[in-house]
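**Student:** Quick one, run-v8.tsv (TSV, C-alpha atoms):
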chain	number	residue	atom	x	y	z
A	108	MET	CA	31.55	-27.45	14.20
A	109	SER	CA	34.31	-30.06	14.27
A	110	PHE	CA	33.61	-33.75	13.77
A	111	THR	CA	35.25	-36.97	14.79
A	112	HIS	CA	35.31	-40.00	12.54
A	113	GLU	CA	32.67	-41.44	14.86
A	114	SER	CA	30.29	-38.54	14.13
A	115	ILE	CA	29.34	-40.23	10.89
A	116	GLN	CA	27.66	-43.02	12.85
A	117	LEU	CA	24.74	-40.64	13.42
A	118	PHE	CA	23.81	-41.22	9.76
A	119	TYR	CA	23.99	-45.00	9.96
A	120	THR	CA	22.00	-45.56	13.15
A	121	LYS	CA	18.38	-44.75	13.90
A	122	GLY	CA	19.20	-42.51	16.86
A	123	SER	CA	20.13	-43.06	20.47
A	124	SER	CA	16.86	-41.86	22.05
A	125	LYS	CA	13.83	-39.64	21.53
A	126	GLY	CA	15.25	-37.10	23.96
A	127	ALA	CA	18.51	-36.85	22.04
A	128	ASN	CA	16.86	-36.62	18.62
A	129	ASP	CA	16.97	-32.82	18.31
A	130	ALA	CA	20.62	-32.54	19.31
A	131	GLU	CA	21.64	-35.40	17.05
A	132	ASN	CA	19.77	-33.95	14.09
A	133	LYS	CA	21.59	-30.63	14.54
A	134	VAL	CA	24.88	-32.50	14.23
A	135	ARG	CA	23.61	-34.33	11.13
A	136	GLU	CA	22.61	-31.03	9.52
A	137	SER	CA	26.03	-29.57	10.32
A	138	ILE	CA	27.66	-32.59	8.69
A	139	LEU	CA	25.62	-31.99	5.51
A	140	VAL	CA	26.82	-28.38	5.46
A	141	PHE	CA	30.38	-29.69	5.81
A	142	LEU	CA	29.88	-32.22	3.00
A	143	ALA	CA	28.80	-29.53	0.52
A	144	ASN	CA	32.52	-28.80	0.15
A	145	PRO	CA	35.14	-31.18	-1.24
A	146	LEU	CA	35.79	-34.00	1.19
A	147	PRO	CA	39.17	-33.67	2.96
A	148	ALA	CA	41.53	-36.59	2.45
A	149	GLU	CA	41.34	-37.65	6.10
A	150	TYR	CA	37.57	-38.20	5.66
A	151	ALA	CA	37.67	-39.49	2.08
A	152	ASP	CA	39.61	-42.53	3.26
A	153	ASN	CA	36.67	-43.51	5.49
A	154	ALA	CA	34.11	-45.58	3.54
A	155	GLN	CA	31.10	-44.25	5.47
A	156	TRP	CA	32.06	-40.59	5.04
A	157	ALA	CA	32.78	-41.17	1.35
A	158	HIS	CA	29.48	-43.00	0.85
A	159	LEU	CA	27.44	-40.22	2.46
A	160	TYR	CA	29.34	-37.57	0.48
A	161	THR	CA	28.56	-39.33	-2.81
A	162	ARG	CA	24.91	-39.93	-1.96
A	163	PHE	CA	24.46	-36.32	-0.82
A	164	HIS	CA	25.84	-34.83	-4.03
A	165	ASP	CA	23.83	-37.28	-6.13
A	166	ALA	CA	20.75	-35.97	-4.35
A	167	LEU	CA	21.79	-32.34	-4.84
A	168	ARG	CA	22.30	-32.89	-8.57
A	169	THR	CA	18.81	-34.36	-8.80
A	170	ILE	CA	17.39	-31.34	-6.98
A	171	CYS	CA	19.07	-28.72	-9.15
A	172	GLY	CA	18.70	-30.75	-12.35
A	173	GLN	CA	22.25	-30.41	-13.64
A	174	GLU	CA	25.93	-30.46	-12.78
A	175	TYR	CA	27.34	-27.62	-10.68
A	176	SER	CA	30.83	-26.38	-10.00
A	177	ARG	CA	30.11	-25.76	-6.35
A	178	VAL	CA	27.24	-25.62	-3.91
A	179	ASP	CA	26.89	-23.58	-0.75
A	180	VAL	CA	24.70	-25.12	1.98
A	181	LYS	CA	23.66	-23.09	5.02
A	182	LYS	CA	21.74	-24.06	8.14
A	183	MET	CA	18.60	-22.00	8.62
A	184	ALA	CA	18.06	-21.65	12.34
A	185	GLY	CA	14.98	-20.41	14.15
A	186	ARG	CA	11.24	-20.82	13.85
A	187	ALA	CA	11.05	-18.17	11.12
A	188	HIS	CA	12.15	-20.81	8.60
A	189	ASN	CA	10.10	-23.84	7.61
A	190	TYR	CA	13.13	-25.68	6.32
A	191	ASP	CA	16.52	-26.76	7.68
A	192	LEU	CA	19.02	-25.96	4.95
A	193	LEU	CA	19.39	-23.58	2.02
A	194	ALA	CA	21.41	-24.84	-0.95
A	195	THR	CA	22.75	-22.35	-3.50
A	196	PHE	CA	24.16	-23.81	-6.72
A	197	TYR	CA	26.83	-22.23	-8.95
A	198	GLY	CA	27.84	-23.01	-12.52
A	199	ALA	CA	31.27	-23.24	-14.16
A	200	ASP	CA	31.58	-19.43	-14.34
A	201	ASP	CA	30.68	-19.24	-10.62
A	202	THR	CA	27.30	-17.74	-11.45
A	203	GLN	CA	24.41	-18.70	-9.19
A	204	PHE	CA	21.78	-20.64	-11.12
A	205	HIS	CA	19.54	-22.32	-8.54
A	206	VAL	CA	18.50	-22.01	-4.88
A	207	ALA	CA	16.69	-24.81	-3.03
A	208	LYS	CA	15.09	-25.06	0.39
A	209	LEU	CA	15.85	-28.41	2.01
A	210	GLU	CA	14.21	-30.12	4.95
A	211	PHE	CA	16.17	-33.07	6.26
A	212	LYS	CA	14.43	-36.17	7.68
A	213	HIS	CA	16.51	-38.93	9.22
A	214	ASN	CA	15.75	-42.64	9.09
A	215	CYS	CA	12.88	-42.56	6.62
A	216	SER	CA	12.25	-43.02	2.91
A	217	SER	CA	8.68	-41.73	2.87
A	218	LEU	CA	6.95	-38.82	4.54
A	219	ASP	CA	4.13	-41.23	5.40
A	220	LYS	CA	6.45	-42.51	8.14
A	221	SER	CA	7.55	-39.08	9.35
A	222	PRO	CA	5.83	-37.89	12.54
A	223	GLN	CA	5.10	-34.49	11.04
A	224	ILE	CA	5.66	-32.13	8.14
A	225	LEU	CA	4.44	-29.10	10.08
A	226	SER	CA	3.71	-28.06	13.64
A	227	LEU	CA	1.38	-25.17	14.52
A	228	GLN	CA	0.96	-23.73	17.98
A	229	ASP	CA	-2.56	-23.49	19.32
A	230	ARG	CA	-2.26	-19.70	19.18
A	231	PHE	CA	-2.18	-20.00	15.38
A	232	ALA	CA	-5.98	-20.22	15.81
A	233	LEU	CA	-6.53	-23.16	13.49
A	234	ILE	CA	-9.96	-23.62	15.08
A	235	THR	CA	-11.92	-20.40	14.91
A	236	ALA	CA	-14.66	-20.99	17.49
A	237	VAL	CA	-12.44	-21.08	20.59
A	238	SER	CA	-8.77	-21.85	21.15
A	239	TYR	CA	-7.85	-25.08	22.89
A	240	ALA	CA	-5.85	-23.11	25.49
A	241	LYS	CA	-8.97	-21.15	26.45
A	242	TYR	CA	-11.08	-24.31	26.52
A	243	TYR	CA	-8.55	-26.13	28.70
A	244	TYR	CA	-8.21	-23.14	31.03
A	245	GLU	CA	-11.97	-23.02	31.55
A	246	THR	CA	-12.79	-26.74	31.68
A	247	GLY	CA	-9.72	-28.82	32.52
A	248	LEU	CA	-7.05	-26.82	34.31
A	249	ASP	CA	-8.88	-26.55	37.65
A	250	THR	CA	-9.32	-30.34	37.76
A	251	TYR	CA	-5.63	-30.81	36.97
A	252	LEU	CA	-4.59	-28.37	39.72
A	253	SER	CA	-6.91	-30.00	42.23
A	254	THR	CA	-5.46	-33.41	41.39
A	255	ILE	CA	-1.92	-32.27	42.20
A	256	HIS	CA	-3.10	-30.22	45.24
A	257	TYR	CA	-1.90	-26.88	43.95
A	258	ALA	CA	-2.81	-24.17	46.48
A	259	GLY	CA	-1.31	-21.14	44.77
A	260	ALA	CA	-2.89	-18.47	42.61
A	261	LYS	CA	-4.20	-19.35	39.18
A	262	PRO	CA	-3.19	-16.77	36.54
A	263	THR	CA	-5.90	-14.79	34.77
A	264	LEU	CA	-6.87	-15.94	31.29
A	265	GLU	CA	-4.82	-13.14	29.73
A	266	GLU	CA	-1.79	-14.08	31.83
A	267	TYR	CA	-2.29	-17.74	30.98
A	268	PHE	CA	-2.29	-17.02	27.24
A	269	ALA	CA	1.10	-15.28	27.61
A	270	ILE	CA	2.52	-18.24	29.55
A	271	VAL	CA	1.07	-21.37	27.98
A	272	SER	CA	2.50	-20.92	24.48
A	273	GLY	CA	6.06	-20.67	25.82
A	274	THR	CA	8.57	-23.22	27.06
A	275	GLU	CA	9.74	-21.68	30.36
A	276	TYR	CA	8.06	-23.34	33.33
A	277	SER	CA	9.65	-20.84	35.73
A	278	ARG	CA	7.73	-17.92	34.24
A	279	CYS	CA	4.79	-18.79	36.46
A	280	PRO	CA	4.66	-20.41	39.94
A	281	MET	CA	1.74	-22.57	38.77
A	282	THR	CA	3.51	-24.08	35.75
A	283	GLN	CA	6.72	-24.56	37.74
A	284	TYR	CA	4.78	-26.45	40.40
A	285	MET	CA	3.00	-28.53	37.75
A	286	TYR	CA	6.32	-29.46	36.18
A	287	ASP	CA	8.00	-30.27	39.52
A	288	ILE	CA	5.15	-32.42	40.85
A	289	GLU	CA	4.18	-34.17	37.62
A	290	GLY	CA	6.22	-37.30	38.25
A	291	ALA	CA	5.33	-37.77	41.91
A	292	GLY	CA	3.27	-40.85	42.80
A	293	ASP	CA	0.54	-41.52	40.26
A	294	ASN	CA	0.19	-37.84	39.28
A	295	LYS	CA	1.30	-38.41	35.71
A	296	LYS	CA	-1.26	-41.13	35.08
A	297	ARG	CA	-4.14	-39.17	36.61
A	298	CYS	CA	-3.20	-35.86	34.99
A	299	THR	CA	-2.68	-37.46	31.59
A	300	ALA	CA	-6.21	-38.84	31.80
A	301	ILE	CA	-7.54	-35.33	32.51
A	302	VAL	CA	-5.73	-33.88	29.51
A	303	LYS	CA	-6.81	-36.69	27.19
A	304	GLU	CA	-10.44	-36.12	28.18
A	305	SER	CA	-10.00	-32.39	27.59
A	306	ILE	CA	-8.67	-32.91	24.07
A	307	ASP	CA	-11.37	-35.46	23.28
A	308	SER	CA	-14.21	-33.20	24.38
A	309	TYR	CA	-12.69	-30.16	22.66
A	310	LEU	CA	-12.47	-31.93	19.30
A	311	GLU	CA	-15.95	-33.38	19.70
A	312	LYS	CA	-17.34	-29.87	20.08
A	313	TYR	CA	-15.14	-27.79	17.81
A	314	ALA	CA	-13.34	-29.91	15.19
A	315	ARG	CA	-15.82	-28.82	12.54
A	316	PHE	CA	-14.65	-25.22	12.97
A	317	VAL	CA	-11.19	-25.78	11.46
A	318	ASP	CA	-10.32	-22.82	9.25
A	319	ILE	CA	-9.60	-24.71	6.02
A	320	ASP	CA	-8.59	-21.60	4.06
A	321	LYS	CA	-6.12	-20.55	6.74
A	322	LEU	CA	-4.64	-24.06	6.92
A	323	ASN	CA	-4.33	-24.27	3.13
A	324	ALA	CA	-2.54	-20.92	3.03
A	325	LYS	CA	-0.11	-22.06	5.73
A	326	LEU	CA	0.57	-25.38	4.01
A	327	MET	CA	1.19	-23.60	0.73
A	328	ASP	CA	3.49	-21.02	2.33
A	329	SER	CA	5.50	-23.51	4.38
A	330	GLN	CA	5.66	-26.61	2.14
A	331	MET	CA	5.53	-25.42	-1.46
A	332	ASP	CA	8.87	-25.14	-3.32
A	333	LYS	CA	10.65	-27.15	-0.63
A	334	TYR	CA	12.58	-30.38	-1.07
A	335	PHE	CA	12.34	-33.02	1.62
A	336	LEU	CA	15.69	-34.79	1.84
A	337	LEU	CA	14.89	-38.20	3.34
A	338	TRP	CA	17.79	-40.38	4.49
A	339	ASP	CA	17.04	-44.09	5.05
A	340	LEU	CA	20.47	-44.93	6.56
A	341	ASP	CA	21.86	-45.83	3.12
A	342	LYS	CA	20.53	-43.43	0.48
A	343	PHE	CA	18.52	-40.25	0.05
A	344	TRP	CA	14.96	-39.99	-1.22
A	345	ILE	CA	13.60	-36.68	-2.47
A	346	HIS	CA	10.02	-35.57	-2.07
A	347	THR	CA	8.16	-32.40	-3.04
A	348	TYR	CA	4.53	-31.36	-2.82
A	349	SER	CA	2.47	-29.96	-5.67
A	350	GLU	CA	-0.13	-27.23	-5.23
A	351	SER	CA	-2.97	-29.74	-5.42
A	352	ASP	CA	-1.26	-31.93	-2.82
A	353	LEU	CA	-1.40	-29.04	-0.37
A	354	ARG	CA	-4.98	-27.98	-1.05
A	355	ILE	CA	-7.35	-29.51	1.48
A	356	CYS	CA	-10.87	-29.77	0.13
A	357	GLY	CA	-13.51	-28.91	2.68
A	358	ASP	CA	-16.23	-30.77	0.81
A	359	TYR	CA	-14.36	-34.06	1.28
A	360	GLY	CA	-15.51	-34.08	4.88
A	361	MET	CA	-13.73	-34.21	8.21
A	362	THR	CA	-13.35	-36.99	10.77
A	363	VAL	CA	-11.82	-37.33	14.21
A	364	LYS	CA	-9.74	-40.41	15.06
A	365	ASN	CA	-8.21	-41.66	18.31
A	366	LYS	CA	-10.01	-38.86	20.18
A	367	ASN	CA	-7.06	-36.53	19.49
A	368	THR	CA	-6.62	-36.22	15.71
A	369	ILE	CA	-8.58	-34.39	13.03
A	370	VAL	CA	-8.34	-36.01	9.59
A	371	LEU	CA	-8.73	-33.83	6.49
A	372	LEU	CA	-8.25	-34.73	2.83
A	373	SER	CA	-6.60	-33.33	-0.24
A	374	ASP	CA	-6.77	-35.01	-3.64
A	375	LYS	CA	-3.81	-37.21	-2.85
A	376	TYR	CA	-3.20	-37.07	0.90
A	377	GLU	CA	-4.79	-37.51	4.29
A	378	TYR	CA	-3.73	-34.76	6.67
A	379	HIS	CA	-3.69	-35.89	10.29
A	380	LEU	CA	-3.84	-32.98	12.74
A	381	LEU	CA	-2.83	-34.33	16.13
A	382	LEU	CA	-3.59	-32.03	19.06
A	383	ARG	CA	-0.92	-32.49	21.72
A	384	TRP	CA	1.22	-30.64	24.26
A	385	ARG	CA	4.82	-30.05	23.21
A	386	ASN	CA	6.18	-29.40	26.71
A	387	HIS	CA	4.66	-31.87	29.17
A	388	SER	CA	1.02	-32.78	28.81
A	389	GLY	CA	-1.33	-30.17	30.23
A	390	ILE	CA	1.44	-27.77	31.23
A	391	LEU	CA	2.92	-25.81	28.30
A	392	ASN	CA	2.66	-25.33	24.55
A	393	PRO	CA	-0.43	-27.02	23.08
A	394	ALA	CA	0.07	-27.50	19.35
A	395	TRP	CA	-1.07	-29.27	16.21
A	396	GLN	CA	1.35	-31.91	14.88
A	397	ILE	CA	0.47	-32.25	11.20
A	398	LYS	CA	1.29	-35.42	9.28
A	399	ALA	CA	0.60	-36.21	5.61
A	400	ILE	CA	-0.24	-39.77	4.56
A	401	THR	CA	-0.69	-40.92	0.98
A	402	ARG	CA	-4.26	-41.93	0.11
A	403	LYS	CA	-3.53	-45.48	-1.09
A	404	VAL	CA	-1.78	-44.33	-4.26
A	405	PRO	CA	1.98	-44.33	-4.93
A	406	LEU	CA	3.98	-41.18	-4.40
A	407	THR	CA	4.57	-39.65	-7.83
A	408	SER	CA	7.34	-37.26	-6.81
A	409	LYS	CA	9.61	-39.61	-4.87
A	410	SER	CA	12.76	-40.98	-6.38
A	411	GLY	CA	15.46	-43.22	-4.98
A	412	ILE	CA	19.05	-42.23	-5.47
Starting from the coordinates I provided, produce the structure as structure tokens.
**Tutor:**
Amino acid sequence: MSFTHESIQLFYTKGSSKGANDAENKVRESILVFLANPLPAEYADNAQWAHLYTRFHDALRTICGQEYSRVDVKKMAGRAHNYDLLATFYGADDTQFHVAKLEFKHNCSSLDKSPQILSLQDRFALITAVSYAKYYYETGLDTYLSTIHYAGAKPTLEEYFAIVSGTEYSRCPMTQYMYDIEGAGDNKKRCTAIVKESIDSYLEKYARFVDIDKLNAKLMDSQMDKYFLLWDLDKFWIHTYSESDLRICGDYGMTVKNKNTIVLLSDKYEYHLLLRWRNHSGILNPAWQIKAITRKVPLTSKSGI
């Protein structure tokens, strides 16, 4: 990827819009890959490029714990990876001595302010009693379809499971119609109310059936041994989780807040599990957006650079 001198502004502004966030973050990640190498003279003369380059390598030295002769940073694309970048460090004899998984977060200095550390699709089966997709299909979908006057065929439950966890509205005439008609008149307001009620009633009935062991295993697998690289528009902050941070204790109890979020506790953190739809409310891809918030004690693994 080639950059203009103006590309660097993506690191010094919050972001142009929510809709552009994903595309802009991909450019930011590509810039970090570029900055792993020595900065070309044409960029080194620019104060903002030079500042980011220095801050980035200061952060990398903190992560690997020593000086390095070179570092190779690669973007890790796809849902198979729970991190954005992989940094491989080499010593003076060009021998590899450390590898680090990096997850980049823009415009934040604390994960408390990050919308999520992990997202799990409903089909992950976080709640064992019944999936939200099945519950919505049986109790909310018909009301939604009636509200928007859909006269076509409703897919079977098995067909619906294959459709609802995807992102392609055109796979099914029903979801394509729902997407096309959503913004007409007051449809969005009325349909959003139906979905909110569905989530509220689902959590009221089934929140207590969260599979804590399965969630702990997923948190451990996806978040352990990973460095969060937090950029606050001027400097990087580094955060990691310990094993105890990621172990939710079932005997601490469980609460539901805002009629859409399950709150669970580890020794040090509150885990907020927000049930939401990724691709238009009530249409496609119900998922859990998981956020970690410090339990009124200072972060012990965060350092400013």
**Student:** Leaving out Asn365 of chain A and any residue of its chain fewer than 3 positions from it, which residues lie within 10 Å of it when counting all atoms listed in the file, given as a list in words?
**Tutor:**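 That gives Asp307, Thr368, Ile369 and Leu381 of chain A.
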**Student:** Can you pull out the residues contacting Lys133 of chain A? Cut-off 12 Å, using only C-alpha atoms, and skip same-chain residues under 6 positions away; I want them as a list in words.
**Tutor:**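 Residues near the query, excluding close chain neighbours: Met108, Ser114, Leu117, Phe118, Ala127, Leu139, Val140, Lys182, Met183, Ala184, Asp191, Leu192, Phe211, Lys212 and His213 of chain A.
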**Student:** Please report the interatomic distance between atom CA of Trp384 of chain A and atom CA of Phe316 of chain A in Å with one decimal.
**Tutor:**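 According to the coordinates, atom CA of Trp384 of chain A and atom CA of Phe316 of chain A are separated by 20.2 Å.
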**Student:** Check which residues of segment 171-232 of chain A sit at most 12 Å from segment 385-390 of chain A using all atoms listed in the file, and return one row each with the closest pair of atoms and their distance in Å to one decimal, ordered by chain and rising number, as CSV.
**Tutor:**
residue,atom,partner,partner_atom,distance
A:Ser226,CA,A:Arg385,CA,9.8
A:Leu227,CA,A:Arg385,CA,10.5
A:Gln228,CA,A:Arg385,CA,9.1
A:Asp229,CA,A:Arg385,CA,10.6
**Student:** Counting all atoms listed in the file, what is within 12 Å of Ala314 of chain A, bar same-chain residues fewer than 6 positions away, as number ranges by chain?
**Tutor:** A: 233-239, 306-308, 360-364, 366-371, 380-382
**Student:** If we count all atoms listed in the file and set the cut-off at 9 Å, which residues sit around Pro262 of chain A, ignoring sequence neighbours fewer than 4 positions away in its own chain? Please answer as an mmCIF file with C-alpha atoms, in the coordinates of the input.
**Tutor:**
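The result, stored in around-v7.cif:
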data_model
loop_
_atom_site.group_PDB
_atom_site.id
_atom_site.type_symbol
_atom_site.label_atom_id
_atom_site.label_comp_id
_atom_site.auth_asym_id
_atom_site.auth_seq_id
_atom_site.Cartn_x
_atom_site.Cartn_y
_atom_site.Cartn_z
ATOM 1 C CA GLU A 266 -1.790 -14.080 31.830
ATOM 2 C CA TYR A 267 -2.290 -17.740 30.980
ATOM 3 C CA CYS A 279 4.790 -18.790 36.460
ATOM 4 C CA MET A 281 1.740 -22.570 38.770
#
**Student:** Which one is closest to Asn323 of chain A: A:Glu350, A:Asp339, A:Glu245, A:Asp293? Count only C-alpha atoms.
**Tutor:** A:Glu350
**Student:** Name the residues in contact with Ser305 of chain A at a cut-off of 12 Å, using only C-alpha atoms, excluding same-chain residues fewer than 5 positions from it; report them as a list in words.
**Tutor:**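 Near neighbours after the sequence-gap exclusion: Tyr239, Ala240, Lys241, Tyr242, Tyr243, Tyr244, Glu245, Thr246, Gly247, Leu248, Asp249, Thr250, Tyr251, Cys298, Thr299, Ala300, Leu310, Glu311, Lys312, Tyr313, Lys366, Asn367, Leu382, Arg383, Trp384, Ser388, Gly389 and Pro393 of chain A.
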**Student:** Because the input lacks atoms here, generate N, CA and C atoms for segment 170-190 of chain A and report them as an mmCIF file, in the frame of the given file.
**Tutor:**
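Contents of rebuild-v2.cif, as written:
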data_model
loop_
_atom_site.group_PDB
_atom_site.id
_atom_site.type_symbol
_atom_site.label_atom_id
_atom_site.label_comp_id
_atom_site.auth_asym_id
_atom_site.auth_seq_id
_atom_site.Cartn_x
_atom_site.Cartn_y
_atom_site.Cartn_z
ATOM 1 N N ILE A 170 18.190 -32.495 -7.383
ATOM 2 C CA ILE A 170 17.390 -31.340 -6.980
ATOM 3 C C ILE A 170 17.594 -30.163 -7.928
ATOM 4 N N CYS A 171 18.835 -29.888 -8.288
ATOM 5 C CA CYS A 171 19.070 -28.720 -9.150
ATOM 6 C C CYS A 171 18.946 -29.042 -10.640
ATOM 7 N N GLY A 172 18.959 -30.329 -10.978
ATOM 8 C CA GLY A 172 18.700 -30.750 -12.350
ATOM 9 C C GLY A 172 19.884 -30.709 -13.288
ATOM 10 N N GLN A 173 21.077 -30.444 -12.771
ATOM 11 C CA GLN A 173 22.250 -30.410 -13.640
ATOM 12 C C GLN A 173 23.518 -30.448 -12.805
ATOM 13 N N GLU A 174 24.649 -30.511 -13.479
ATOM 14 C CA GLU A 174 25.930 -30.460 -12.780
ATOM 15 C C GLU A 174 26.182 -29.037 -12.267
ATOM 16 N N TYR A 175 26.976 -28.928 -11.231
ATOM 17 C CA TYR A 175 27.340 -27.620 -10.680
ATOM 18 C C TYR A 175 28.819 -27.642 -10.347
ATOM 19 N N SER A 176 29.402 -26.450 -10.337
ATOM 20 C CA SER A 176 30.830 -26.380 -10.000
ATOM 21 C C SER A 176 31.029 -26.344 -8.491
ATOM 22 N N ARG A 177 30.082 -25.750 -7.806
ATOM 23 C CA ARG A 177 30.110 -25.760 -6.350
ATOM 24 C C ARG A 177 28.713 -25.498 -5.814
ATOM 25 N N VAL A 178 28.520 -25.865 -4.558
ATOM 26 C CA VAL A 178 27.240 -25.620 -3.910
ATOM 27 C C VAL A 178 27.516 -25.126 -2.494
ATOM 28 N N ASP A 179 26.775 -24.132 -2.095
ATOM 29 C CA ASP A 179 26.890 -23.580 -0.750
ATOM 30 C C ASP A 179 25.644 -23.997 0.028
ATOM 31 N N VAL A 180 25.823 -24.667 1.155
ATOM 32 C CA VAL A 180 24.700 -25.120 1.980
ATOM 33 C C VAL A 180 24.789 -24.442 3.339
ATOM 34 N N LYS A 181 23.705 -23.799 3.739
ATOM 35 C CA LYS A 181 23.660 -23.090 5.020
ATOM 36 C C LYS A 181 22.535 -23.633 5.887
ATOM 37 N N LYS A 182 22.791 -23.698 7.194
ATOM 38 C CA LYS A 182 21.740 -24.060 8.140
ATOM 39 C C LYS A 182 20.854 -22.851 8.367
ATOM 40 N N MET A 183 19.558 -23.081 8.405
ATOM 41 C CA MET A 183 18.600 -22.000 8.620
ATOM 42 C C MET A 183 17.972 -22.185 10.000
ATOM 43 N N ALA A 184 18.498 -21.483 10.951
ATOM 44 C CA ALA A 184 18.060 -21.650 12.340
ATOM 45 C C ALA A 184 16.840 -20.798 12.638
ATOM 46 N N GLY A 185 16.101 -21.206 13.675
ATOM 47 C CA GLY A 185 14.980 -20.410 14.150
ATOM 48 C C GLY A 185 13.647 -20.815 13.562
ATOM 49 N N ARG A 186 12.583 -20.448 14.278
ATOM 50 C CA ARG A 186 11.240 -20.820 13.850
ATOM 51 C C ARG A 186 10.744 -20.027 12.650
ATOM 52 N N ALA A 187 11.478 -18.986 12.266
ATOM 53 C CA ALA A 187 11.050 -18.170 11.120
ATOM 54 C C ALA A 187 11.161 -18.950 9.817
ATOM 55 N N HIS A 188 11.953 -20.020 9.818
ATOM 56 C CA HIS A 188 12.150 -20.810 8.600
ATOM 57 C C HIS A 188 11.446 -22.156 8.723
ATOM 58 N N ASN A 189 10.792 -22.554 7.653
ATOM 59 C CA ASN A 189 10.100 -23.840 7.610
ATOM 60 C C ASN A 189 10.926 -24.894 6.897
ATOM 61 N N TYR A 190 12.217 -24.727 6.919
ATOM 62 C CA TYR A 190 13.130 -25.680 6.320
ATOM 63 C C TYR A 190 14.444 -25.617 7.080
#
